[in-house]
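S.K.: So here's run20.pdb (PDB, C-alpha atoms and all ligand atoms).
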```pdb
ATOM      1  CA  MET A   1     135.507  21.766 183.611  1.00  0.00           C
ATOM      2  CA  LYS A   2     132.150  22.800 182.189  1.00  0.00           C
ATOM      3  CA  LYS A   3     129.107  20.851 183.310  1.00  0.00           C
ATOM      4  CA  GLY A   4     126.095  22.179 181.397  1.00  0.00           C
ATOM      5  CA  PHE A   5     125.097  23.695 178.075  1.00  0.00           C
ATOM      6  CA  ILE A   6     122.481  26.391 177.526  1.00  0.00           C
ATOM      7  CA  PHE A   7     121.227  27.038 174.034  1.00  0.00           C
ATOM      8  CA  ASP A   8     119.336  29.809 172.384  1.00  0.00           C
ATOM      9  CA  LEU A   9     116.920  28.396 169.801  1.00  0.00           C
ATOM     10  CA  ASP A  10     116.349  30.736 166.857  1.00  0.00           C
ATOM     11  CA  GLY A  11     119.583  31.014 164.879  1.00  0.00           C
ATOM     12  CA  VAL A  12     121.444  28.428 166.981  1.00  0.00           C
ATOM     13  CA  ILE A  13     119.443  25.184 166.772  1.00  0.00           C
ATOM     14  CA  THR A  14     117.502  26.116 163.627  1.00  0.00           C
ATOM     15  CA  ASP A  15     117.305  29.021 161.233  1.00  0.00           C
ATOM     16  CA  THR A  16     113.852  30.227 162.240  1.00  0.00           C
ATOM     17  CA  ALA A  17     115.347  33.747 162.401  1.00  0.00           C
ATOM     18  CA  LYS A  18     114.618  34.043 158.665  1.00  0.00           C
ATOM     19  CA  PHE A  19     110.922  33.217 159.252  1.00  0.00           C
ATOM     20  CA  HIS A  20     110.650  35.742 162.103  1.00  0.00           C
ATOM     21  CA  TYR A  21     112.090  38.299 159.689  1.00  0.00           C
ATOM     22  CA  ILE A  22     109.609  37.481 156.893  1.00  0.00           C
ATOM     23  CA  ALA A  23     106.645  37.636 159.298  1.00  0.00           C
ATOM     24  CA  TRP A  24     107.752  40.925 160.912  1.00  0.00           C
ATOM     25  CA  LYS A  25     108.619  42.501 157.560  1.00  0.00           C
ATOM     26  CA  ASP A  26     105.129  41.715 156.190  1.00  0.00           C
ATOM     27  CA  LEU A  27     103.396  43.017 159.303  1.00  0.00           C
ATOM     28  CA  ALA A  28     105.528  46.174 159.290  1.00  0.00           C
ATOM     29  CA  MET A  29     104.745  46.716 155.608  1.00  0.00           C
ATOM     30  CA  ASP A  30     100.986  46.551 156.364  1.00  0.00           C
ATOM     31  CA  LEU A  31     101.642  49.368 158.854  1.00  0.00           C
ATOM     32  CA  GLY A  32     103.602  51.402 156.298  1.00  0.00           C
ATOM     33  CA  ILE A  33     106.929  50.654 157.992  1.00  0.00           C
ATOM     34  CA  THR A  34     109.887  49.259 156.041  1.00  0.00           C
ATOM     35  CA  ILE A  35     112.405  47.171 157.958  1.00  0.00           C
ATOM     36  CA  ASP A  36     115.633  45.764 156.546  1.00  0.00           C
ATOM     37  CA  GLU A  37     118.094  43.084 157.631  1.00  0.00           C
ATOM     38  CA  THR A  38     120.225  45.516 159.614  1.00  0.00           C
ATOM     39  CA  PHE A  39     117.205  46.554 161.682  1.00  0.00           C
ATOM     40  CA  ASN A  40     116.198  42.897 161.976  1.00  0.00           C
ATOM     41  CA  GLU A  41     119.473  42.152 163.799  1.00  0.00           C
ATOM     42  CA  THR A  42     118.193  44.324 166.670  1.00  0.00           C
ATOM     43  CA  LEU A  43     115.096  42.087 166.973  1.00  0.00           C
ATOM     44  CA  LYS A  44     117.021  38.850 167.492  1.00  0.00           C
ATOM     45  CA  GLY A  45     116.556  37.459 170.991  1.00  0.00           C
ATOM     46  CA  ILE A  46     113.882  40.057 171.763  1.00  0.00           C
ATOM     47  CA  SER A  47     110.388  38.964 172.871  1.00  0.00           C
ATOM     48  CA  ARG A  48     107.418  39.198 170.527  1.00  0.00           C
ATOM     49  CA  MET A  49     105.860  42.270 172.170  1.00  0.00           C
ATOM     50  CA  ASP A  50     109.188  44.058 172.607  1.00  0.00           C
ATOM     51  CA  SER A  51     109.942  43.393 168.926  1.00  0.00           C
ATOM     52  CA  LEU A  52     106.604  44.936 167.940  1.00  0.00           C
ATOM     53  CA  ASP A  53     107.306  47.969 170.145  1.00  0.00           C
ATOM     54  CA  LYS A  54     110.713  48.390 168.480  1.00  0.00           C
ATOM     55  CA  ILE A  55     109.165  48.229 165.003  1.00  0.00           C
ATOM     56  CA  LEU A  56     106.450  50.755 165.897  1.00  0.00           C
ATOM     57  CA  ALA A  57     109.056  53.095 167.411  1.00  0.00           C
ATOM     58  CA  TYR A  58     111.236  52.699 164.298  1.00  0.00           C
ATOM     59  CA  GLY A  59     108.244  53.719 162.140  1.00  0.00           C
ATOM     60  CA  GLN A  60     107.375  56.537 164.587  1.00  0.00           C
ATOM     61  CA  ARG A  61     103.956  54.974 165.189  1.00  0.00           C
ATOM     62  CA  ASP A  62     104.545  53.971 168.823  1.00  0.00           C
ATOM     63  CA  ASP A  63     101.831  56.218 170.296  1.00  0.00           C
ATOM     64  CA  GLU A  64      99.085  55.090 167.961  1.00  0.00           C
ATOM     65  CA  PHE A  65      98.065  51.675 169.296  1.00  0.00           C
ATOM     66  CA  SER A  66      96.361  50.482 172.476  1.00  0.00           C
ATOM     67  CA  ILE A  67      97.648  47.384 174.283  1.00  0.00           C
ATOM     68  CA  GLU A  68      94.708  45.408 172.873  1.00  0.00           C
ATOM     69  CA  GLU A  69      95.504  46.537 169.328  1.00  0.00           C
ATOM     70  CA  LYS A  70      99.145  45.608 169.810  1.00  0.00           C
ATOM     71  CA  GLU A  71      98.100  42.171 171.019  1.00  0.00           C
ATOM     72  CA  VAL A  72      96.103  41.694 167.813  1.00  0.00           C
ATOM     73  CA  LEU A  73      99.138  42.745 165.738  1.00  0.00           C
ATOM     74  CA  ALA A  74     101.489  40.414 167.667  1.00  0.00           C
ATOM     75  CA  GLN A  75      99.010  37.544 167.212  1.00  0.00           C
ATOM     76  CA  LYS A  76      98.819  38.276 163.480  1.00  0.00           C
ATOM     77  CA  LYS A  77     102.599  38.123 163.219  1.00  0.00           C
ATOM     78  CA  ASN A  78     102.678  34.867 165.168  1.00  0.00           C
ATOM     79  CA  ASP A  79      99.979  33.269 162.995  1.00  0.00           C
ATOM     80  CA  ALA A  80     102.025  34.096 159.891  1.00  0.00           C
ATOM     81  CA  TYR A  81     105.217  32.856 161.581  1.00  0.00           C
ATOM     82  CA  VAL A  82     103.647  29.546 162.673  1.00  0.00           C
ATOM     83  CA  GLN A  83     102.365  29.001 159.112  1.00  0.00           C
ATOM     84  CA  LEU A  84     105.909  29.435 157.815  1.00  0.00           C
ATOM     85  CA  LEU A  85     106.996  26.664 160.221  1.00  0.00           C
ATOM     86  CA  ALA A  86     104.488  24.137 158.860  1.00  0.00           C
ATOM     87  CA  ASP A  87     107.112  22.018 157.066  1.00  0.00           C
ATOM     88  CA  LEU A  88     109.827  22.303 159.725  1.00  0.00           C
ATOM     89  CA  SER A  89     111.505  18.936 160.391  1.00  0.00           C
ATOM     90  CA  GLU A  90     114.848  17.317 161.280  1.00  0.00           C
ATOM     91  CA  LYS A  91     116.309  18.536 157.985  1.00  0.00           C
ATOM     92  CA  ASP A  92     116.054  22.092 159.351  1.00  0.00           C
ATOM     93  CA  LEU A  93     118.499  21.571 162.215  1.00  0.00           C
ATOM     94  CA  LEU A  94     121.485  23.843 161.637  1.00  0.00           C
ATOM     95  CA  PRO A  95     124.753  22.082 160.631  1.00  0.00           C
ATOM     96  CA  GLY A  96     126.492  20.288 163.468  1.00  0.00           C
ATOM     97  CA  VAL A  97     123.626  20.652 165.968  1.00  0.00           C
ATOM     98  CA  HIS A  98     122.474  17.031 166.002  1.00  0.00           C
ATOM     99  CA  ASP A  99     126.029  15.682 166.319  1.00  0.00           C
ATOM    100  CA  PHE A 100     126.781  18.127 169.104  1.00  0.00           C
ATOM    101  CA  LEU A 101     123.668  17.130 171.077  1.00  0.00           C
ATOM    102  CA  VAL A 102     124.513  13.448 170.651  1.00  0.00           C
ATOM    103  CA  GLN A 103     128.073  14.128 171.912  1.00  0.00           C
ATOM    104  CA  ALA A 104     126.706  16.073 174.904  1.00  0.00           C
ATOM    105  CA  LYS A 105     124.391  13.194 175.777  1.00  0.00           C
ATOM    106  CA  ALA A 106     127.288  10.727 175.512  1.00  0.00           C
ATOM    107  CA  GLU A 107     129.308  12.900 177.925  1.00  0.00           C
ATOM    108  CA  ALA A 108     126.271  13.224 180.261  1.00  0.00           C
ATOM    109  CA  ILE A 109     126.284  17.033 179.929  1.00  0.00           C
ATOM    110  CA  PRO A 110     122.778  18.363 180.676  1.00  0.00           C
ATOM    111  CA  CYS A 111     121.322  20.805 178.135  1.00  0.00           C
ATOM    112  CA  ALA A 112     118.659  23.509 178.507  1.00  0.00           C
ATOM    113  CA  ILE A 113     116.975  25.999 176.199  1.00  0.00           C
ATOM    114  CA  ALA A 114     117.032  29.720 176.972  1.00  0.00           C
ATOM    115  CA  SER A 115     114.895  31.257 174.239  1.00  0.00           C
ATOM    116  CA  ALA A 116     112.468  34.160 174.349  1.00  0.00           C
ATOM    117  CA  SER A 117     110.244  32.165 171.992  1.00  0.00           C
ATOM    118  CA  LYS A 118     106.919  30.894 173.253  1.00  0.00           C
ATOM    119  CA  ASN A 119     106.999  28.548 170.259  1.00  0.00           C
ATOM    120  CA  ALA A 120     110.159  26.776 171.458  1.00  0.00           C
ATOM    121  CA  PRO A 121     108.607  23.454 172.636  1.00  0.00           C
ATOM    122  CA  MET A 122     106.631  23.070 169.395  1.00  0.00           C
ATOM    123  CA  ILE A 123     109.703  23.887 167.266  1.00  0.00           C
ATOM    124  CA  LEU A 124     111.974  21.442 169.139  1.00  0.00           C
ATOM    125  CA  GLU A 125     109.356  18.747 168.763  1.00  0.00           C
ATOM    126  CA  LYS A 126     109.130  19.313 164.996  1.00  0.00           C
ATOM    127  CA  LEU A 127     112.928  19.209 164.774  1.00  0.00           C
ATOM    128  CA  GLY A 128     112.959  15.871 166.616  1.00  0.00           C
ATOM    129  CA  VAL A 129     115.370  17.060 169.348  1.00  0.00           C
ATOM    130  CA  LEU A 130     113.010  17.807 172.261  1.00  0.00           C
ATOM    131  CA  ASP A 131     114.313  14.843 174.284  1.00  0.00           C
ATOM    132  CA  PHE A 132     117.891  16.182 174.330  1.00  0.00           C
ATOM    133  CA  PHE A 133     116.853  19.051 176.628  1.00  0.00           C
ATOM    134  CA  GLY A 134     116.353  18.651 180.342  1.00  0.00           C
ATOM    135  CA  HIS A 135     114.488  21.947 180.537  1.00  0.00           C
ATOM    136  CA  ILE A 136     113.063  24.749 178.393  1.00  0.00           C
ATOM    137  CA  VAL A 137     112.782  28.045 180.257  1.00  0.00           C
ATOM    138  CA  ASP A 138     109.220  29.375 179.954  1.00  0.00           C
ATOM    139  CA  PRO A 139     109.602  32.989 178.759  1.00  0.00           C
ATOM    140  CA  GLU A 140     106.291  33.850 180.476  1.00  0.00           C
ATOM    141  CA  THR A 141     108.066  33.434 183.838  1.00  0.00           C
ATOM    142  CA  LEU A 142     110.677  36.117 183.119  1.00  0.00           C
ATOM    143  CA  LYS A 143     110.707  39.615 184.543  1.00  0.00           C
ATOM    144  CA  LYS A 144     113.162  40.861 181.942  1.00  0.00           C
ATOM    145  CA  GLY A 145     114.216  39.677 178.515  1.00  0.00           C
ATOM    146  CA  LYS A 146     117.714  39.406 177.011  1.00  0.00           C
ATOM    147  CA  PRO A 147     120.192  41.113 177.434  1.00  0.00           C
ATOM    148  CA  ASP A 148     119.180  40.653 181.091  1.00  0.00           C
ATOM    149  CA  PRO A 149     120.888  37.488 182.427  1.00  0.00           C
ATOM    150  CA  GLU A 150     117.671  36.150 184.073  1.00  0.00           C
ATOM    151  CA  ILE A 151     116.813  33.576 181.375  1.00  0.00           C
ATOM    152  CA  PHE A 152     120.350  32.114 181.441  1.00  0.00           C
ATOM    153  CA  VAL A 153     120.481  32.010 185.245  1.00  0.00           C
ATOM    154  CA  LYS A 154     117.111  30.188 185.293  1.00  0.00           C
ATOM    155  CA  ALA A 155     118.287  27.764 182.611  1.00  0.00           C
ATOM    156  CA  ALA A 156     121.434  26.907 184.605  1.00  0.00           C
ATOM    157  CA  GLU A 157     119.379  26.404 187.786  1.00  0.00           C
ATOM    158  CA  SER A 158     116.987  24.109 185.950  1.00  0.00           C
ATOM    159  CA  ILE A 159     119.806  21.710 185.048  1.00  0.00           C
ATOM    160  CA  HIS A 160     121.530  22.156 188.445  1.00  0.00           C
ATOM    161  CA  VAL A 161     124.686  23.779 187.083  1.00  0.00           C
ATOM    162  CA  GLU A 162     126.461  26.836 188.510  1.00  0.00           C
ATOM    163  CA  PRO A 163     126.719  29.728 186.020  1.00  0.00           C
ATOM    164  CA  GLN A 164     130.530  29.574 186.007  1.00  0.00           C
ATOM    165  CA  ASP A 165     130.288  25.891 185.019  1.00  0.00           C
ATOM    166  CA  ALA A 166     127.888  26.555 182.132  1.00  0.00           C
ATOM    167  CA  ILE A 167     128.444  27.403 178.483  1.00  0.00           C
ATOM    168  CA  GLY A 168     125.858  29.495 176.623  1.00  0.00           C
ATOM    169  CA  PHE A 169     125.395  29.343 172.841  1.00  0.00           C
ATOM    170  CA  GLU A 170     123.943  32.371 171.073  1.00  0.00           C
ATOM    171  CA  ASP A 171     123.641  33.991 167.649  1.00  0.00           C
ATOM    172  CA  ALA A 172     122.528  37.448 168.834  1.00  0.00           C
ATOM    173  CA  GLN A 173     124.348  40.260 170.595  1.00  0.00           C
ATOM    174  CA  ALA A 174     121.573  40.594 173.228  1.00  0.00           C
ATOM    175  CA  GLY A 175     122.079  36.913 174.038  1.00  0.00           C
ATOM    176  CA  ILE A 176     125.869  37.119 174.300  1.00  0.00           C
ATOM    177  CA  ASP A 177     125.466  40.108 176.629  1.00  0.00           C
ATOM    178  CA  GLY A 178     123.002  38.103 178.771  1.00  0.00           C
ATOM    179  CA  ILE A 179     125.280  35.039 178.951  1.00  0.00           C
ATOM    180  CA  LYS A 180     128.254  37.166 180.012  1.00  0.00           C
ATOM    181  CA  ALA A 181     126.146  39.065 182.581  1.00  0.00           C
ATOM    182  CA  ALA A 182     125.132  35.666 184.015  1.00  0.00           C
ATOM    183  CA  GLY A 183     128.826  34.828 184.497  1.00  0.00           C
ATOM    184  CA  MET A 184     128.985  32.079 181.895  1.00  0.00           C
ATOM    185  CA  TYR A 185     131.314  31.202 179.026  1.00  0.00           C
ATOM    186  CA  ALA A 186     129.759  32.512 175.799  1.00  0.00           C
ATOM    187  CA  VAL A 187     130.023  30.823 172.418  1.00  0.00           C
ATOM    188  CA  GLY A 188     128.842  33.072 169.592  1.00  0.00           C
ATOM    189  CA  ILE A 189     127.548  31.406 166.453  1.00  0.00           C
ATOM    190  CA  SER A 190     127.376  33.622 163.405  1.00  0.00           C
ATOM    191  CA  GLU A 191     128.847  33.712 159.938  1.00  0.00           C
ATOM    192  CA  THR A 192     128.011  37.344 159.345  1.00  0.00           C
ATOM    193  CA  GLU A 193     127.887  39.287 162.623  1.00  0.00           C
ATOM    194  CA  ILE A 194     130.740  40.049 164.982  1.00  0.00           C
ATOM    195  CA  LEU A 195     129.426  39.083 168.421  1.00  0.00           C
ATOM    196  CA  THR A 196     131.213  41.411 170.784  1.00  0.00           C
ATOM    197  CA  GLY A 197     132.220  39.928 174.124  1.00  0.00           C
ATOM    198  CA  SER A 198     131.860  36.269 173.146  1.00  0.00           C
ATOM    199  CA  ASP A 199     134.637  34.047 174.505  1.00  0.00           C
ATOM    200  CA  LEU A 200     134.698  32.065 171.280  1.00  0.00           C
ATOM    201  CA  GLN A 201     132.970  32.698 167.980  1.00  0.00           C
ATOM    202  CA  VAL A 202     132.360  30.115 165.265  1.00  0.00           C
ATOM    203  CA  ALA A 203     130.466  30.197 161.974  1.00  0.00           C
ATOM    204  CA  SER A 204     128.611  26.973 162.750  1.00  0.00           C
ATOM    205  CA  MET A 205     128.382  24.231 165.362  1.00  0.00           C
ATOM    206  CA  THR A 206     130.305  21.869 163.078  1.00  0.00           C
ATOM    207  CA  GLU A 207     133.428  23.660 164.363  1.00  0.00           C
ATOM    208  CA  LEU A 208     132.719  22.680 167.975  1.00  0.00           C
ATOM    209  CA  SER A 209     133.649  19.545 169.898  1.00  0.00           C
ATOM    210  CA  VAL A 210     131.976  18.740 173.219  1.00  0.00           C
ATOM    211  CA  GLU A 211     135.102  16.994 174.489  1.00  0.00           C
ATOM    212  CA  GLN A 212     137.210  20.109 173.903  1.00  0.00           C
ATOM    213  CA  LEU A 213     134.645  22.583 175.212  1.00  0.00           C
ATOM    214  CA  ILE A 214     134.104  20.886 178.554  1.00  0.00           C
ATOM    215  CA  THR A 215     137.789  21.126 179.405  1.00  0.00           C
ATOM    216  CA  ILE A 216     137.657  24.941 179.238  1.00  0.00           C
TER     217      ILE A 216
HETATM  218  C1  LIG A 301     113.592  34.613 169.877  1.00  0.00           C
HETATM  219  C2  LIG A 301     113.847  35.262 168.526  1.00  0.00           C
HETATM  220  C3  LIG A 301     113.085  36.551 168.393  1.00  0.00           C
HETATM  221  C4  LIG A 301     111.612  36.329 168.728  1.00  0.00           C
HETATM  222  C5  LIG A 301     111.479  35.789 170.142  1.00  0.00           C
HETATM  223  C6  LIG A 301     110.037  35.516 170.525  1.00  0.00           C
HETATM  224  O1  LIG A 301     114.291  35.292 170.847  1.00  0.00           O
HETATM  225  O2  LIG A 301     115.228  35.511 168.334  1.00  0.00           O
HETATM  226  O3  LIG A 301     113.220  37.007 167.060  1.00  0.00           O
HETATM  227  O4  LIG A 301     110.883  37.538 168.619  1.00  0.00           O
HETATM  228  O5  LIG A 301     112.204  34.581 170.221  1.00  0.00           O
HETATM  229  O6  LIG A 301     109.548  34.445 169.745  1.00  0.00           O
HETATM  230  P1  LIG A 301     108.035  33.989 169.641  1.00  0.00           P
HETATM  231  O7  LIG A 301     108.142  32.681 168.883  1.00  0.00           O
HETATM  232  O8  LIG A 301     107.538  33.810 171.047  1.00  0.00           O
HETATM  233  O9  LIG A 301     107.311  35.054 168.924  1.00  0.00           O
HETATM  234 MG    MG A 302     118.794  33.625 168.426  1.00  0.00          MG
END
```
As structure tokens, please, write out the structure in this file.

M.R.:
Amino acid sequence: MKKGFIFDLDGVITDTAKFHYIAWKDLAMDLGITIDETFNETLKGISRMDSLDKILAYGQRDDEFSIEEKEVLAQKKNDAYVQLLADLSEKDLLPGVHDFLVQAKAEAIPCAIASASKNAPMILEKLGVLDFFGHIVDPETLKKGKPDPEIFVKAAESIHVEPQDAIGFEDAQAGIDGIKAAGMYAVGISETEILTGSDLQVASMTELSVEQLITI
């Protein structure tokens, strides 16, 4: 029996991944670096500063900026990203998410968020689903980002569930790797990517039933 659910945010609860992509693409372009969707896949689940470092390395400009300059660039990206989120509301929940959270609540399965995003509380509030989550892991408290299992282990602890009794939901390979390294059951959610190592992969949460999943 599974006793707790741990969700990534971007690409699982809502499609903010597309806004991260727009904001990074614009910033990269200002720096003379062109990124495409294939490269963008490698940024999913990766913290803001690590994403910037990856983009600079990709454009072979990684030695050119001081930490302070990189902080200005990361802030610029975040300002653009937050602007793109201005109209975010319940309508932006991905298909099946609301139903699934309602089912989990009915079954008394605690839910937590394991996202590298510092914007997670604000986004969940705008989506109207903040109250479904017992805990949101603060990414500032992490020593290592995904694919390290730390964020998933902390999320399970926060809802008092053993890793082997938890199910993690992820749209990115780094996340699936982290969930598996934490010793949890991994559900991959993606229409387009093959998420290697996931225990189950679906195109959307509409394909999932809480009742069935908890018996795994
Ligand atoms: C998630 C997304 C990444 C993003 C990271 C940090 O993991 O998948 O694309 O870079 O969060 O998000 P933030 O909102 O803090 O910049
Ligand atoms: Mg994601």

S.K.: Got a sec to check which residues lie within 7 Å of ligand LIG 301 (chain A), using all atoms listed in the file, and send them as JSON, numbers by chain?

M.R.: {"A": [10, 17, 20, 43, 44, 45, 46, 47, 48, 51, 78, 115, 116, 117, 118, 119, 120]}

S.K.: The PyMOL selection byres (((chain A and resi 28) around 12) and not hetatm) - which residues does that actually catch in the file I just gave you? List them as JSON, numbers by chain.

M.R.: {"A": [20, 21, 22, 23, 24, 25, 26, 27, 29, 30, 31, 32, 33, 34, 35, 36, 39, 40, 51, 52, 53, 54, 55, 56, 57, 58, 59, 60, 61, 73, 74, 76, 77]}

S.K.: Between A:Leu213, A:Leu9, A:Val161, A:Leu195, which one has atoms that come closest to A:Met122, using only C-alpha atoms?

M.R.: A:Leu9

S.K.: Pick the closest to ligand MG 302 (chain A) from A:Gly11, A:Pro163, A:Gly4, A:Pro139: which is it, counting all atoms listed in the file?

M.R.: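 Closest to ligand MG 302 (chain A), using all atoms listed in the file: A:Gly11.
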
S.K.: Could you please determine the separation between atom CA of A:Ser209 and atom CA of A:Val129 in Å, to one decimal place?

M.R.: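 Here the two named atoms are 18.5 Å from each other.
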
S.K.: Show which residues sit within 12 Å of A:Gly96, as an NGL selection string. Count all atoms listed in the file, and ignore same-chain residues fewer than 4 positions away.

M.R.: :A and (12-14 or 91-92 or 100-103 or 189 or 202-210)

S.K.: I need the residue nearest A:His98 from this list: A:Asp199, A:Asp131, A:Gly175, A:Glu170. Use only C-alpha atoms for the distance.

M.R.: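 For A:His98, the nearest of the given residues is A:Asp131.
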
S.K.: If we count all atoms listed in the file, what is near A:His135 at a cut-off of 10 Å, once residues fewer than 3 positions away on the same chain are taken out, given as a PyMOL selection string?

M.R.: chain A and resi 6+110-114+121+130-132+138+154-159

S.K.: For the PyMOL selection byres (((chain A and resi 88) around 12) and not hetatm), applied here, can you spell out every residue it catches as a list in words?

M.R.: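 Taken on the displayed file, the PyMOL selection byres (((chain A and resi 88) around 12) and not hetatm) yields the residues Thr14, Asp15, Thr16, Phe19, Tyr81, Val82, Gln83, Leu84, Leu85, Ala86, Asp87, Ser89, Glu90, Lys91, Asp92, Leu93, Leu94, Met122, Ile123, Leu124, Glu125, Lys126, Leu127 and Gly128 of chain A.
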
S.K.: Pick out the residues sitting within 9 Å of stretch 192-194 of chain A, and hand them over as a ChimeraX atom specification; count only C-alpha atoms, and ignore anything fewer than 2 positions along from it in its own chain.

M.R.: /A:41,171-173,188-190,196,201,203

S.K.: Calculated over all atoms listed in the file, which of the candidates A:Ala182, A:Leu142, A:Met49, A:Ala108 has the smallest distance to A:Gln75?

M.R.: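 Smallest distance to A:Gln75 is found for A:Met49.
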
S.K.: Between atom CA of A:Ile214 and atom CA of A:Asp99, what is the spacing in Å?

M.R.: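 A separation of 15.6 Å between them.
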
S.K.: Grab the atom CA of A:Lys18 to atom CA of A:Glu68 distance for me, in Å with one decimal place.

M.R.: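 Pair atom CA of A:Lys18 / atom CA of A:Glu68 returns 27.0 Å.
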
S.K.: Starting from the shown file, work through the PyMOL selection byres (((chain A and resi 186) around 7) and not hetatm) and note down what comes out as a list in words.

M.R.: Ile167, Gly168, Phe169, Ile176, Ile179, Lys180, Met184, Tyr185, Val187, Gly188, Ser198, Asp199 and Leu200 of chain A
